[in-house]
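Trainee: Please find protein_35.cif (mmCIF, C-alpha atoms) on the next line:
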data_run
#
loop_
_atom_site.label_atom_id
_atom_site.label_comp_id
_atom_site.auth_asym_id
_atom_site.auth_seq_id
_atom_site.Cartn_x
_atom_site.Cartn_y
_atom_site.Cartn_z
CA MET A 1 194.41 -18.52 7.66
CA PRO A 2 191.31 -19.10 9.73
CA THR A 3 188.81 -21.53 8.19
CA THR A 4 185.85 -19.67 6.76
CA ARG A 5 182.33 -20.99 7.08
CA ARG A 6 182.27 -21.65 3.35
CA GLN A 7 185.42 -23.70 3.45
CA PHE A 8 184.19 -25.66 6.45
CA LEU A 9 180.87 -26.53 4.83
CA HIS A 10 182.61 -27.50 1.64
CA LEU A 11 184.89 -29.83 3.54
CA ALA A 12 182.09 -31.29 5.64
CA GLY A 13 179.99 -31.88 2.55
CA GLY A 14 182.87 -33.66 0.88
CA VAL A 15 183.36 -35.95 3.87
CA THR A 16 179.66 -36.83 3.97
CA ALA A 17 179.57 -37.59 0.28
CA ALA A 18 182.67 -39.77 0.52
CA GLY A 19 181.21 -41.52 3.58
CA THR A 20 177.96 -42.49 1.87
CA LEU A 21 179.58 -43.49 -1.39
CA PRO A 22 180.31 -47.14 -0.49
CA ILE A 23 176.70 -47.64 0.68
CA VAL A 24 175.32 -46.22 -2.54
CA SER A 25 177.60 -48.28 -4.73
CA LEU A 26 176.35 -51.50 -3.09
CA ARG A 27 173.03 -50.96 -4.80
CA PRO A 28 173.43 -50.51 -8.54
CA LEU A 29 171.58 -47.33 -9.44
CA GLN A 30 170.11 -48.11 -12.84
CA ALA A 31 170.45 -51.89 -12.85
CA THR A 32 167.24 -53.70 -13.74
CA PRO A 33 166.61 -56.77 -11.58
CA ALA A 34 166.38 -60.00 -13.54
CA MET A 35 162.72 -60.57 -12.69
CA LEU A 36 161.71 -57.27 -14.27
CA THR A 37 163.71 -58.03 -17.41
CA THR A 38 162.17 -61.49 -17.67
CA ALA A 39 158.65 -60.15 -17.22
CA ILE A 40 159.22 -57.54 -19.90
CA ARG A 41 160.71 -60.10 -22.29
CA ASN A 42 157.68 -62.36 -21.75
CA VAL A 43 155.52 -59.61 -23.22
CA VAL A 44 157.85 -58.04 -25.72
CA GLY A 45 159.77 -61.07 -26.94
CA GLU A 46 162.90 -60.19 -28.85
CA ALA A 47 161.53 -56.90 -30.16
CA GLN A 48 163.42 -53.68 -29.60
CA ILE A 49 161.92 -51.32 -27.03
CA ARG A 50 162.24 -47.64 -27.80
CA THR A 51 161.92 -44.83 -25.31
CA GLY A 52 159.25 -42.20 -25.84
CA ARG A 53 155.61 -41.75 -26.87
CA VAL A 54 154.48 -43.13 -23.51
CA LYS A 55 153.72 -40.87 -20.56
CA LEU A 56 153.53 -42.17 -17.00
CA ASP A 57 151.81 -39.94 -14.45
CA ILE A 58 152.63 -41.13 -10.96
CA PRO A 59 153.58 -39.17 -7.84
CA PRO A 60 157.38 -39.13 -7.38
CA LEU A 61 156.99 -39.42 -3.60
CA VAL A 62 154.24 -41.45 -1.96
CA GLU A 63 153.59 -41.85 1.73
CA ASN A 64 151.50 -44.98 1.43
CA GLY A 65 152.43 -47.65 -1.08
CA ASN A 66 149.08 -49.40 -0.63
CA THR A 67 147.31 -47.19 -3.10
CA VAL A 68 149.25 -45.13 -5.59
CA PRO A 69 147.32 -43.42 -8.40
CA MET A 70 148.86 -43.99 -11.80
CA THR A 71 147.95 -42.87 -15.32
CA VAL A 72 149.59 -44.14 -18.50
CA SER A 73 148.94 -42.33 -21.76
CA VAL A 74 150.37 -42.92 -25.21
CA THR A 75 150.61 -40.47 -28.10
CA SER A 76 148.59 -42.11 -30.85
CA PRO A 77 145.86 -41.09 -33.31
CA MET A 78 143.95 -44.28 -32.34
CA THR A 79 142.78 -45.08 -35.86
CA ALA A 80 142.33 -48.57 -37.32
CA ALA A 81 145.66 -48.16 -39.14
CA GLU A 82 147.61 -46.73 -36.23
CA HIS A 83 146.60 -47.40 -32.65
CA VAL A 84 147.83 -48.71 -29.34
CA LYS A 85 147.13 -52.42 -28.92
CA SER A 86 148.12 -52.77 -25.30
CA ILE A 87 149.80 -51.12 -22.34
CA HIS A 88 151.85 -53.15 -19.88
CA VAL A 89 153.02 -51.86 -16.52
CA PHE A 90 155.85 -53.42 -14.51
CA ASN A 91 157.65 -52.78 -11.25
CA GLU A 92 161.11 -53.49 -10.02
CA LYS A 93 160.84 -54.53 -6.38
CA ASN A 94 157.38 -55.83 -5.54
CA PRO A 95 157.26 -59.60 -4.92
CA GLN A 96 155.96 -59.93 -8.50
CA PRO A 97 157.15 -57.80 -11.43
CA ASN A 98 153.75 -57.40 -13.15
CA ILE A 99 151.30 -54.64 -12.29
CA GLY A 100 148.75 -54.84 -15.09
CA ASN A 101 148.14 -55.44 -18.79
CA PHE A 102 145.57 -53.24 -20.51
CA TYR A 103 144.20 -54.04 -23.97
CA LEU A 104 142.83 -51.23 -26.13
CA THR A 105 141.15 -51.07 -29.53
CA PRO A 106 140.96 -48.40 -32.26
CA SER A 107 137.55 -47.49 -30.81
CA SER A 108 139.20 -46.47 -27.55
CA GLY A 109 139.63 -43.01 -29.02
CA ARG A 110 142.33 -42.09 -26.55
CA ALA A 111 145.19 -44.29 -25.39
CA GLN A 112 144.99 -43.58 -21.69
CA VAL A 113 144.46 -45.84 -18.69
CA SER A 114 144.34 -44.98 -14.99
CA THR A 115 144.35 -47.25 -11.97
CA ARG A 116 145.69 -47.47 -8.43
CA ILE A 117 148.65 -49.66 -7.68
CA ARG A 118 150.68 -51.06 -4.78
CA LEU A 119 154.38 -50.44 -4.33
CA ALA A 120 156.34 -52.47 -1.80
CA ASP A 121 159.44 -50.31 -1.87
CA THR A 122 161.09 -47.27 -3.34
CA GLN A 123 161.53 -48.39 -6.91
CA LYS A 124 161.19 -47.98 -10.63
CA VAL A 125 157.91 -48.44 -12.51
CA VAL A 126 158.06 -49.19 -16.24
CA ALA A 127 155.20 -48.72 -18.71
CA ILE A 128 155.43 -50.30 -22.16
CA ALA A 129 153.02 -49.72 -25.04
CA ARG A 130 152.54 -52.07 -27.97
CA LEU A 131 151.45 -50.24 -31.10
CA SER A 132 149.47 -51.64 -34.02
CA ASP A 133 152.69 -51.90 -36.08
CA ASP A 134 154.09 -54.12 -33.27
CA THR A 135 156.69 -51.62 -32.13
CA PHE A 136 157.22 -51.19 -28.39
CA TRP A 137 157.69 -47.91 -26.58
CA GLN A 138 158.53 -47.45 -22.94
CA ILE A 139 158.93 -44.99 -20.12
CA ALA A 140 160.25 -45.48 -16.59
CA ALA A 141 159.63 -43.50 -13.43
CA GLU A 142 161.33 -43.59 -10.04
CA ILE A 143 159.00 -43.50 -7.05
CA VAL A 144 160.03 -42.99 -3.45
CA VAL A 145 157.76 -44.91 -1.06
CA THR A 146 157.82 -44.20 2.67
CA LEU A 147 155.28 -46.84 3.78
CA ALA A 148 155.48 -50.09 1.89
CA ALA A 149 152.59 -52.27 0.72
CA CYS A 150 152.01 -55.99 0.09
CA THR A 151 154.20 -57.70 2.63
CA GLU A 152 153.23 -56.21 5.98
CA GLU A 153 151.69 -58.31 8.74
CA MET A 154 147.96 -58.71 8.87
CA ASN A 155 146.25 -57.52 12.01
CA MET B 1 129.58 -57.13 -4.94
CA ALA B 2 129.17 -53.45 -5.03
CA ALA B 3 130.50 -51.70 -8.09
CA LEU B 4 130.63 -48.01 -8.90
CA ILE B 5 130.41 -47.19 -12.59
CA ASN B 6 130.79 -43.74 -14.06
CA VAL B 7 129.65 -43.36 -17.68
CA PRO B 8 128.21 -40.13 -19.09
CA ALA B 9 124.44 -40.50 -19.49
CA LYS B 10 124.51 -38.57 -22.76
CA ALA B 11 127.15 -37.99 -25.41
CA ARG B 12 127.40 -36.73 -28.96
CA ARG B 13 128.24 -39.24 -31.66
CA GLY B 14 132.01 -39.42 -32.10
CA ASP B 15 132.86 -37.98 -28.69
CA VAL B 16 135.66 -39.65 -26.77
CA ILE B 17 134.20 -40.46 -23.34
CA GLU B 18 135.84 -41.58 -20.14
CA ILE B 19 134.58 -44.68 -18.37
CA ARG B 20 135.45 -45.26 -14.75
CA ALA B 21 134.82 -48.51 -12.93
CA LEU B 22 135.44 -49.30 -9.28
CA THR B 23 134.54 -52.50 -7.52
CA SER B 24 134.95 -53.59 -3.93
CA HIS B 25 137.46 -56.40 -3.53
CA ILE B 26 140.16 -57.12 -0.96
CA MET B 27 142.84 -57.93 -3.61
CA GLU B 28 144.75 -60.05 -1.09
CA THR B 29 148.27 -60.32 -2.50
CA GLY B 30 149.20 -63.77 -1.22
CA PHE B 31 152.44 -62.35 0.15
CA ARG B 32 151.21 -61.25 3.55
CA HIS B 33 151.53 -63.21 6.78
CA THR B 34 149.34 -63.24 9.85
CA ALA B 35 150.87 -62.36 13.22
CA ASP B 36 151.50 -66.08 13.87
CA GLY B 37 153.40 -66.53 10.63
CA LYS B 38 150.80 -68.13 8.37
CA LEU B 39 150.69 -67.02 4.75
CA VAL B 40 147.40 -65.39 3.80
CA PRO B 41 146.28 -67.07 0.55
CA ARG B 42 146.01 -64.98 -2.59
CA ASP B 43 142.55 -63.70 -3.47
CA ILE B 44 142.56 -61.18 -6.30
CA ILE B 45 140.60 -60.14 -9.35
CA THR B 46 142.63 -61.35 -12.31
CA SER B 47 140.63 -60.04 -15.22
CA PHE B 48 138.36 -57.15 -16.15
CA ALA B 49 136.47 -56.61 -19.39
CA CYS B 50 134.12 -53.96 -20.73
CA ARG B 51 131.72 -54.54 -23.61
CA TYR B 52 129.85 -51.84 -25.52
CA ASN B 53 126.70 -53.24 -27.11
CA GLY B 54 128.30 -56.69 -27.05
CA ALA B 55 131.68 -55.74 -28.52
CA GLU B 56 134.70 -55.79 -26.24
CA ILE B 57 136.27 -52.33 -26.03
CA PHE B 58 138.65 -52.75 -23.09
CA ARG B 59 140.22 -55.61 -21.20
CA ALA B 60 142.74 -55.75 -18.38
CA ASP B 61 144.81 -58.42 -16.63
CA LEU B 62 145.24 -57.52 -12.98
CA PHE B 63 148.01 -58.64 -10.65
CA PRO B 64 148.53 -58.45 -6.86
CA ALA B 65 150.20 -55.06 -7.43
CA ILE B 66 146.78 -53.53 -8.13
CA ALA B 67 145.44 -51.81 -5.02
CA ALA B 68 142.42 -53.10 -3.10
CA ASN B 69 139.05 -52.11 -4.56
CA PRO B 70 140.44 -51.98 -8.11
CA TYR B 71 139.74 -48.77 -9.96
CA LEU B 72 140.09 -48.50 -13.73
CA SER B 73 139.59 -45.56 -16.01
CA PHE B 74 139.73 -45.79 -19.80
CA PHE B 75 138.26 -44.17 -22.90
CA THR B 76 136.00 -45.08 -25.79
CA VAL B 77 134.33 -43.36 -28.72
CA ALA B 78 130.57 -42.89 -28.26
CA LYS B 79 129.17 -44.60 -31.37
CA GLU B 80 125.58 -45.45 -30.60
CA SER B 81 123.09 -45.52 -27.77
CA GLY B 82 123.20 -48.68 -25.78
CA LYS B 83 124.70 -50.52 -22.90
CA PHE B 84 128.11 -50.97 -21.35
CA GLU B 85 128.64 -54.25 -19.58
CA PHE B 86 131.44 -54.73 -17.07
CA GLU B 87 132.77 -58.02 -15.82
CA TRP B 88 135.32 -58.83 -13.15
CA THR B 89 136.64 -62.36 -12.66
CA GLY B 90 139.19 -63.65 -10.20
CA ASP B 91 140.52 -66.23 -7.77
CA ASN B 92 138.22 -68.73 -6.03
CA GLY B 93 135.69 -68.50 -8.84
CA TYR B 94 135.04 -64.81 -8.23
CA SER B 95 132.80 -63.17 -10.79
CA SER B 96 130.76 -60.00 -10.75
CA THR B 97 129.08 -57.87 -13.35
CA ALA B 98 127.67 -54.37 -13.71
CA SER B 99 126.18 -52.34 -16.50
CA ALA B 100 125.47 -48.75 -17.51
CA SER B 101 123.54 -47.23 -20.38
CA ILE B 102 124.32 -44.27 -22.61
CA THR B 103 122.29 -42.13 -24.99
CA VAL B 104 124.22 -41.02 -28.06
CA GLU B 105 122.79 -38.18 -30.11
#
So that I can check it, write out the structure of this file as structure tokens.
Mentor:
Amino acid sequence: MPTTRRQFLHLAGGVTAAGTLPIVSLRPLQATPAMLTTAIRNVVGEAQIRTGRVKLDIPPLVENGNTVPMTVSVTSPMTAAEHVKSIHVFNEKNPQPNIGNFYLTPSSGRAQVSTRIRLADTQKVVAIARLSDDTFWQIAAEIVVTLAACTEEMN
Amino acid sequence: MAALINVPAKARRGDVIEIRALTSHIMETGFRHTADGKLVPRDIITSFACRYNGAEIFRADLFPAIAANPYLSFFTVAKESGKFEFEWTGDNGYSSTASASITVE
């Protein structure tokens, strides 16, 4: 039976996938580097961090890591009884794991902060919100960076 | 240092308003090297605060991962006419201030 185009492509695709597999497995996909974990624990302590309530708006693909727009918002009524106390943003692969800490009050009205950040590599960004009842909520986003920031030579 | 502040000139009482603040600063990370291998010392803004008629409504700790010319946008409830004061402090004794006024009806 002559090999059809479909069969050939299927086979070729399989070979490529198998060929790249060892390279991929060298870098753990979802593993959180120790520095990121430590930085998060410094803020959160032993408290449990739940996923949700926080929204992280950041482009999934950036050409220039020197200035990446980022917006963090948290679902909260922002009343004296129930509000967001602070928002903490971390990264996985910059030389330092911290990006920024932002402190809000009930008079903020809306729990939303925007800034521009630097990303030294394709990596994960984590945003954690501390609510007035001292619960912690988080969200993570993967960002692909084609031109890195922070460590390049100065001209 | 030059700062660019964006606060609505007028607002109705109880409105949630956006405040945007940009200041010019190199935000040198302290991780870069010159062509001959010397480390460029860190020079960043480490702290930002905004006060509304004297009461602090927003504060931020900044790290080298904040881009040059730090930009911050945040919200507050327009309560009364008055003044917003902004303050940036950082490495090497850096300090700068700016202010903006608002009329609340």
Trainee: So what does the PyMOL selection byres ((chain B) within 9 of (chain A)) actually pick up in this one, as a ChimeraX atom specification?
Mentor: /B:14-17,20,28-35,37,40,56-79
Trainee: Could you turn the residues from that selection into a file that holds C-alpha atoms, as a PDB file, in the coordinates of the input?
Mentor:
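Below is the file that was written, again_9.pdb:
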ATOM      1  CA  GLY B  14     132.010 -39.420 -32.100  1.00  0.00           C
ATOM      2  CA  ASP B  15     132.860 -37.980 -28.690  1.00  0.00           C
ATOM      3  CA  VAL B  16     135.660 -39.650 -26.770  1.00  0.00           C
ATOM      4  CA  ILE B  17     134.200 -40.460 -23.340  1.00  0.00           C
ATOM      5  CA  ARG B  20     135.450 -45.260 -14.750  1.00  0.00           C
ATOM      6  CA  GLU B  28     144.750 -60.050  -1.090  1.00  0.00           C
ATOM      7  CA  THR B  29     148.270 -60.320  -2.500  1.00  0.00           C
ATOM      8  CA  GLY B  30     149.200 -63.770  -1.220  1.00  0.00           C
ATOM      9  CA  PHE B  31     152.440 -62.350   0.150  1.00  0.00           C
ATOM     10  CA  ARG B  32     151.210 -61.250   3.550  1.00  0.00           C
ATOM     11  CA  HIS B  33     151.530 -63.210   6.780  1.00  0.00           C
ATOM     12  CA  THR B  34     149.340 -63.240   9.850  1.00  0.00           C
ATOM     13  CA  ALA B  35     150.870 -62.360  13.220  1.00  0.00           C
ATOM     14  CA  GLY B  37     153.400 -66.530  10.630  1.00  0.00           C
ATOM     15  CA  VAL B  40     147.400 -65.390   3.800  1.00  0.00           C
ATOM     16  CA  GLU B  56     134.700 -55.790 -26.240  1.00  0.00           C
ATOM     17  CA  ILE B  57     136.270 -52.330 -26.030  1.00  0.00           C
ATOM     18  CA  PHE B  58     138.650 -52.750 -23.090  1.00  0.00           C
ATOM     19  CA  ARG B  59     140.220 -55.610 -21.200  1.00  0.00           C
ATOM     20  CA  ALA B  60     142.740 -55.750 -18.380  1.00  0.00           C
ATOM     21  CA  ASP B  61     144.810 -58.420 -16.630  1.00  0.00           C
ATOM     22  CA  LEU B  62     145.240 -57.520 -12.980  1.00  0.00           C
ATOM     23  CA  PHE B  63     148.010 -58.640 -10.650  1.00  0.00           C
ATOM     24  CA  PRO B  64     148.530 -58.450  -6.860  1.00  0.00           C
ATOM     25  CA  ALA B  65     150.200 -55.060  -7.430  1.00  0.00           C
ATOM     26  CA  ILE B  66     146.780 -53.530  -8.130  1.00  0.00           C
ATOM     27  CA  ALA B  67     145.440 -51.810  -5.020  1.00  0.00           C
ATOM     28  CA  ALA B  68     142.420 -53.100  -3.100  1.00  0.00           C
ATOM     29  CA  ASN B  69     139.050 -52.110  -4.560  1.00  0.00           C
ATOM     30  CA  PRO B  70     140.440 -51.980  -8.110  1.00  0.00           C
ATOM     31  CA  TYR B  71     139.740 -48.770  -9.960  1.00  0.00           C
ATOM     32  CA  LEU B  72     140.090 -48.500 -13.730  1.00  0.00           C
ATOM     33  CA  SER B  73     139.590 -45.560 -16.010  1.00  0.00           C
ATOM     34  CA  PHE B  74     139.730 -45.790 -19.800  1.00  0.00           C
ATOM     35  CA  PHE B  75     138.260 -44.170 -22.900  1.00  0.00           C
ATOM     36  CA  THR B  76     136.000 -45.080 -25.790  1.00  0.00           C
ATOM     37  CA  VAL B  77     134.330 -43.360 -28.720  1.00  0.00           C
ATOM     38  CA  ALA B  78     130.570 -42.890 -28.260  1.00  0.00           C
ATOM     39  CA  LYS B  79     129.170 -44.600 -31.370  1.00  0.00           C
TER      40      LYS B  79
END
Trainee: Give me the residues within 9 Å of stretch 80-89 of chain B as a ChimeraX atom specification, counting all atoms listed in the file and dropping any in the same chain fewer than 3 places off.
Mentor: /B:5,7,10-11,13-14,21,23,44-54,93-105
Trainee: Is it possible to get the axis-aligned box enclosing stretch 65-84 of chain A (all listed atoms, 4 Å extra per side) as lines of an AutoDock Vina configuration file, with centre and edge lengths in Å rounded to one decimal?
Mentor:
center_x = 147.4
center_y = -44.9
center_z = -19.9
size_x = 18.1
size_y = 16.9
size_z = 46.5
Trainee: Grab the atom CA of A:Gln123 to atom CA of A:Val144 distance for me, in Å with one decimal place.
Mentor: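 Straight-line distance from atom CA of A:Gln123 to atom CA of A:Val144 works out to 6.6 Å.
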Trainee: Residues near A:Arg130, anyone? I mean within 6 Å using all atoms listed in the file, not counting same-chain ones fewer than 5 positions away, as a list in words.
Mentor: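 My list of contacting residues is Val84, Lys85, Ser86, Thr135 and Phe136 of chain A.
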Trainee: Record the distance separating atom CA of A:Met70 and atom CA of A:Ile58, expressed in Å with one decimal.
Mentor: 4.8 Å
Trainee: Can you pull out every residue within 9 Å of A:Val44, counting only C-alpha atoms, but drop anything in the same chain fewer than 3 positions away, and send it as a PDB file with C-alpha atoms, in the coordinates of the input?
Mentor:
ATOM      1  CA  ALA A  39     158.650 -60.150 -17.220  1.00  0.00           C
ATOM      2  CA  ILE A  40     159.220 -57.540 -19.900  1.00  0.00           C
ATOM      3  CA  ARG A  41     160.710 -60.100 -22.290  1.00  0.00           C
ATOM      4  CA  ALA A  47     161.530 -56.900 -30.160  1.00  0.00           C
ATOM      5  CA  GLN A  48     163.420 -53.680 -29.600  1.00  0.00           C
ATOM      6  CA  ILE A  49     161.920 -51.320 -27.030  1.00  0.00           C
ATOM      7  CA  ILE A 128     155.430 -50.300 -22.160  1.00  0.00           C
ATOM      8  CA  ARG A 130     152.540 -52.070 -27.970  1.00  0.00           C
ATOM      9  CA  PHE A 136     157.220 -51.190 -28.390  1.00  0.00           C
TER      10      PHE A 136
END
